[in-house]
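Just below is one structure, and these are the notes that go with it.
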Amino acid sequence: MAGLEGWEQPQPRSGTAAARWVLPAQDVEGERARVTAAARGDGASRALDLIGDPALEEVRLPSRPESAATARRLTQSVLLKQWSLTPTLAEHAVLLVSELVGNAVRHTGARTFGLRMLRRRGWIRIEVRDPSRGLPCLMPVHELDVSGRGLFLVDKLSDRWGVDLLPRGKTTWFEMRVTDRV
């Protein structure tokens, strides 16, 4: 499938990512509670100690639904504690990580998946790698849909996202602009 490597979805540059799309009130509160629970306690620091630091190297997690909570804790810890980014940006990134991990767990049939976080001046990039070469599909979302919103959220809240096909599998990633404090 030539030409699919590096496929991405650029975003228009108007307003903030959060202002471009609003969740129904019920979904916002549920996700906010999930993100807040991930930030509580010392669970994030313990996760980094036990599993590894995805900002240093890819960490492998079992492909089970409960791994999404671990991925959220790792993301929260790296973005807030190590990189000192804003709580709003961290909240959006945690949500998007949860969506990509959910897709890897539900749709790939893999035993494990990888999580990696990169930072360069003005940007962060978060990647979820799995052994499936099946491409994710951005579907139209309707108001009453109860599933299928994951990539829609990634598309709306990130500045760029895409899929890189690998010899064995793929990496689904998103990037977000950050304000570097110099």
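Each chain in the structure tokens gets a letter, A, B and so on, in the order shown; residues start at 1 in every chain, and ligands are counted from 1 in the order they appear.
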With only C-alpha atoms counted and 6 Å as the cut-off, give the residues of region 33-150 of chain A in contact with region 164-172 of chain A, each with its shortest interatomic distance in Å and the pair that gives it, as CSV.
```
residue,atom,partner,partner_atom,distance
A:Glu127,CA,A:Thr172,CA,5.7
A:Val128,CA,A:Thr172,CA,5.4
A:Arg129,CA,A:Thr171,CA,4.2
A:Asp130,CA,A:Gly169,CA,5.6
A:Pro131,CA,A:Gly169,CA,3.7
A:Ser132,CA,A:Gly169,CA,4.4
A:Arg133,CA,A:Gly169,CA,4.6
```
For region 46-58 of chain A: contacts at 9 Å, only C-alpha atoms, fewer than 5 positions along chain excluded, given as a PDB file with N, CA, C and O atoms, in the first residue's frame:
```pdb
ATOM      1  N   THR A  70      -3.534   2.667  32.760  1.00  0.00           N
ATOM      2  CA  THR A  70      -2.086   2.800  32.935  1.00  0.00           C
ATOM      3  C   THR A  70      -1.526   3.809  31.938  1.00  0.00           C
ATOM      4  O   THR A  70      -0.714   4.664  32.301  1.00  0.00           O
ATOM      5  N   ALA A  71      -1.950   3.730  30.686  1.00  0.00           N
ATOM      6  CA  ALA A  71      -1.483   4.668  29.670  1.00  0.00           C
ATOM      7  C   ALA A  71      -1.890   6.099  30.018  1.00  0.00           C
ATOM      8  O   ALA A  71      -1.108   7.045  29.826  1.00  0.00           O
ATOM      9  N   ARG A  73      -2.344   7.284  33.098  1.00  0.00           N
ATOM     10  CA  ARG A  73      -1.488   7.711  34.222  1.00  0.00           C
ATOM     11  C   ARG A  73      -0.094   8.088  33.738  1.00  0.00           C
ATOM     12  O   ARG A  73       0.471   9.090  34.179  1.00  0.00           O
ATOM     13  N   LEU A  74       0.462   7.292  32.840  1.00  0.00           N
ATOM     14  CA  LEU A  74       1.790   7.602  32.308  1.00  0.00           C
ATOM     15  C   LEU A  74       1.782   8.933  31.560  1.00  0.00           C
ATOM     16  O   LEU A  74       2.675   9.765  31.741  1.00  0.00           O
ATOM     17  N   THR A  75       0.780   9.137  30.732  1.00  0.00           N
ATOM     18  CA  THR A  75       0.676  10.380  29.964  1.00  0.00           C
ATOM     19  C   THR A  75       0.540  11.572  30.897  1.00  0.00           C
ATOM     20  O   THR A  75       1.234  12.588  30.741  1.00  0.00           O
ATOM     21  N   SER A  77       1.473  11.881  33.991  1.00  0.00           N
ATOM     22  CA  SER A  77       2.709  12.103  34.728  1.00  0.00           C
ATOM     23  C   SER A  77       3.763  12.783  33.865  1.00  0.00           C
ATOM     24  O   SER A  77       4.388  13.752  34.289  1.00  0.00           O
ATOM     25  N   VAL A  78       3.967  12.291  32.660  1.00  0.00           N
ATOM     26  CA  VAL A  78       4.985  12.877  31.787  1.00  0.00           C
ATOM     27  C   VAL A  78       4.633  14.318  31.444  1.00  0.00           C
ATOM     28  O   VAL A  78       5.469  15.219  31.573  1.00  0.00           O
ATOM     29  N   GLY A 114       2.583  -0.649  22.113  1.00  0.00           N
ATOM     30  CA  GLY A 114       3.629   0.226  22.624  1.00  0.00           C
ATOM     31  C   GLY A 114       3.144   1.655  22.751  1.00  0.00           C
ATOM     32  O   GLY A 114       2.303   2.104  21.967  1.00  0.00           O
ATOM     33  N   LEU A 115       3.660   2.359  23.751  1.00  0.00           N
ATOM     34  CA  LEU A 115       3.340   3.769  23.979  1.00  0.00           C
ATOM     35  C   LEU A 115       4.647   4.538  24.055  1.00  0.00           C
ATOM     36  O   LEU A 115       5.566   4.144  24.785  1.00  0.00           O
ATOM     37  N   ARG A 116       4.732   5.630  23.288  1.00  0.00           N
ATOM     38  CA  ARG A 116       5.935   6.455  23.298  1.00  0.00           C
ATOM     39  C   ARG A 116       5.543   7.918  23.212  1.00  0.00           C
ATOM     40  O   ARG A 116       4.583   8.274  22.525  1.00  0.00           O
ATOM     41  N   MET A 117       6.288   8.779  23.917  1.00  0.00           N
ATOM     42  CA  MET A 117       6.029  10.218  23.926  1.00  0.00           C
ATOM     43  C   MET A 117       7.309  10.953  23.569  1.00  0.00           C
ATOM     44  O   MET A 117       8.363  10.665  24.122  1.00  0.00           O
ATOM     45  N   LEU A 118       7.176  11.896  22.662  1.00  0.00           N
ATOM     46  CA  LEU A 118       8.324  12.667  22.199  1.00  0.00           C
ATOM     47  C   LEU A 118       8.025  14.155  22.352  1.00  0.00           C
ATOM     48  O   LEU A 118       6.877  14.578  22.201  1.00  0.00           O
ATOM     49  N   ARG A 119       9.072  14.909  22.615  1.00  0.00           N
ATOM     50  CA  ARG A 119       8.898  16.358  22.701  1.00  0.00           C
ATOM     51  C   ARG A 119      10.022  17.035  21.950  1.00  0.00           C
ATOM     52  O   ARG A 119      11.181  16.656  22.071  1.00  0.00           O
ATOM     53  N   GLU A 127       2.657   8.389  20.466  1.00  0.00           N
ATOM     54  CA  GLU A 127       2.496   7.296  19.518  1.00  0.00           C
ATOM     55  C   GLU A 127       2.013   6.034  20.218  1.00  0.00           C
ATOM     56  O   GLU A 127       2.445   5.734  21.330  1.00  0.00           O
ATOM     57  N   ARG A 129       1.847   2.048  19.119  1.00  0.00           N
ATOM     58  CA  ARG A 129       2.272   1.092  18.094  1.00  0.00           C
ATOM     59  C   ARG A 129       1.647  -0.268  18.369  1.00  0.00           C
ATOM     60  O   ARG A 129       1.602  -0.719  19.518  1.00  0.00           O
TER      61      ARG A 129
END
```
(message) Need to verify the contact set: Arg64 (chain A), 10 Å, only C-alpha atoms, exclusion of same-chain residues closer than 4 positions in sequence. Can you return it as a list in words?
(response) Ala68, Val101, Gly102, Ala104, Val105, Arg106, Ala110, Arg111, Thr112 and Phe113 of chain A
Hey, can you spit out that residue selection with all heavy atoms as a short mmCIF file (atom, residue, chain, number, x, y, z; two decimals), in the first residue's frame?
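Below you can see again_12.cif, which holds the result:
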```
data_model
loop_
_atom_site.label_atom_id
_atom_site.label_comp_id
_atom_site.auth_asym_id
_atom_site.auth_seq_id
_atom_site.Cartn_x
_atom_site.Cartn_y
_atom_site.Cartn_z
N ALA A 68 -5.57 0.89 29.42
CA ALA A 68 -5.87 2.29 29.09
C ALA A 68 -5.66 3.18 30.32
O ALA A 68 -5.14 4.29 30.19
CB ALA A 68 -7.30 2.42 28.57
N VAL A 101 -5.36 3.95 22.55
CA VAL A 101 -5.16 2.67 23.24
C VAL A 101 -6.41 1.81 23.10
O VAL A 101 -6.33 0.61 22.83
CB VAL A 101 -4.78 2.89 24.72
CG1 VAL A 101 -4.88 1.59 25.51
CG2 VAL A 101 -3.37 3.47 24.82
N GLY A 102 -7.57 2.43 23.26
CA GLY A 102 -8.83 1.69 23.10
C GLY A 102 -8.93 1.06 21.72
O GLY A 102 -9.33 -0.11 21.58
N ALA A 104 -6.37 0.23 19.77
CA ALA A 104 -5.37 -0.84 19.69
C ALA A 104 -5.85 -2.09 20.41
O ALA A 104 -5.67 -3.21 19.92
CB ALA A 104 -4.04 -0.36 20.28
N VAL A 105 -6.50 -1.92 21.53
CA VAL A 105 -6.99 -3.07 22.31
C VAL A 105 -8.18 -3.73 21.61
O VAL A 105 -8.23 -4.95 21.48
CB VAL A 105 -7.37 -2.64 23.75
CG1 VAL A 105 -8.12 -3.73 24.49
CG2 VAL A 105 -6.12 -2.21 24.52
N ARG A 106 -9.13 -2.94 21.15
CA ARG A 106 -10.36 -3.49 20.56
C ARG A 106 -10.20 -4.05 19.16
O ARG A 106 -10.85 -5.03 18.81
CB ARG A 106 -11.44 -2.40 20.51
CG ARG A 106 -12.24 -2.26 21.77
CD ARG A 106 -13.43 -1.34 21.57
NE ARG A 106 -13.04 0.02 21.26
CZ ARG A 106 -12.71 0.94 22.16
NH1 ARG A 106 -12.70 0.63 23.43
NH2 ARG A 106 -12.38 2.15 21.79
N ALA A 110 -3.92 -7.91 19.09
CA ALA A 110 -2.52 -8.04 19.53
C ALA A 110 -2.46 -8.42 21.01
O ALA A 110 -3.41 -8.21 21.76
CB ALA A 110 -1.80 -6.71 19.33
N ARG A 111 -1.33 -8.97 21.41
CA ARG A 111 -1.10 -9.27 22.83
C ARG A 111 -0.60 -8.05 23.59
O ARG A 111 -0.87 -7.90 24.76
CB ARG A 111 -0.09 -10.39 22.98
CG ARG A 111 -0.66 -11.74 22.65
CD ARG A 111 0.30 -12.81 23.09
NE ARG A 111 0.34 -13.81 22.04
CZ ARG A 111 1.30 -14.66 21.84
NH1 ARG A 111 2.33 -14.67 22.64
NH2 ARG A 111 1.23 -15.52 20.86
N THR A 112 0.16 -7.20 22.89
CA THR A 112 0.70 -5.99 23.52
C THR A 112 0.63 -4.83 22.53
O THR A 112 0.44 -5.03 21.32
CB THR A 112 2.18 -6.17 23.95
OG1 THR A 112 2.97 -6.39 22.80
CG2 THR A 112 2.33 -7.31 24.95
N PHE A 113 0.83 -3.64 23.05
CA PHE A 113 0.97 -2.44 22.22
C PHE A 113 2.05 -1.58 22.88
O PHE A 113 2.39 -1.76 24.04
CB PHE A 113 -0.35 -1.68 22.07
CG PHE A 113 -0.88 -1.12 23.36
CD1 PHE A 113 -0.51 0.16 23.78
CD2 PHE A 113 -1.74 -1.86 24.16
CE1 PHE A 113 -0.99 0.66 24.98
CE2 PHE A 113 -2.22 -1.35 25.35
CZ PHE A 113 -1.84 -0.09 25.77
#
```
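Interatomic distance, CA of Val154 (chain A) against CA of Glu99 (chain A): 7.7 Å.
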(message) For a test of reading the model, state the distance in Å between CA of Gly122 (chain A) and CA of Lys81 (chain A), rounded to one decimal.
(response)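 Atom-to-atom, CA of Gly122 (chain A) and CA of Lys81 (chain A) are spaced 17.5 Å apart.
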(message) Rounded to one decimal, what separation in Å do you get between CA of Leu61 (chain A) and CA of Trp83 (chain A)?
(response) 22.2 Å
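Candidate residues A:Leu157, A:Leu151, A:Met139, A:Val163 were compared for distance to Leu100 (chain A), and the nearest is A:Leu151, using only C-alpha atoms.
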(message) So that I can check the surroundings of Trp173 (chain A), please list as a list in words every protein, DNA and RNA residue that reaches within 6 Å of it, counting only C-alpha atoms and ignoring chain neighbours fewer than 4 positions away.
(response)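 The residues that qualify are Ile126, Glu127, Trp161 and Gly162 of chain A.
In terms of minimum interatomic distance to Arg125 (chain A), A:Leu96 ranks closest within A:Leu96, A:Ala69, A:Val59, A:Leu80, counting only C-alpha atoms.
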(message) Taking only C-alpha atoms into account, name the residue in A:Thr108, A:Leu79, A:Met176, A:Leu95 that is nearest to Asp159 (chain A).
(response) A:Met176
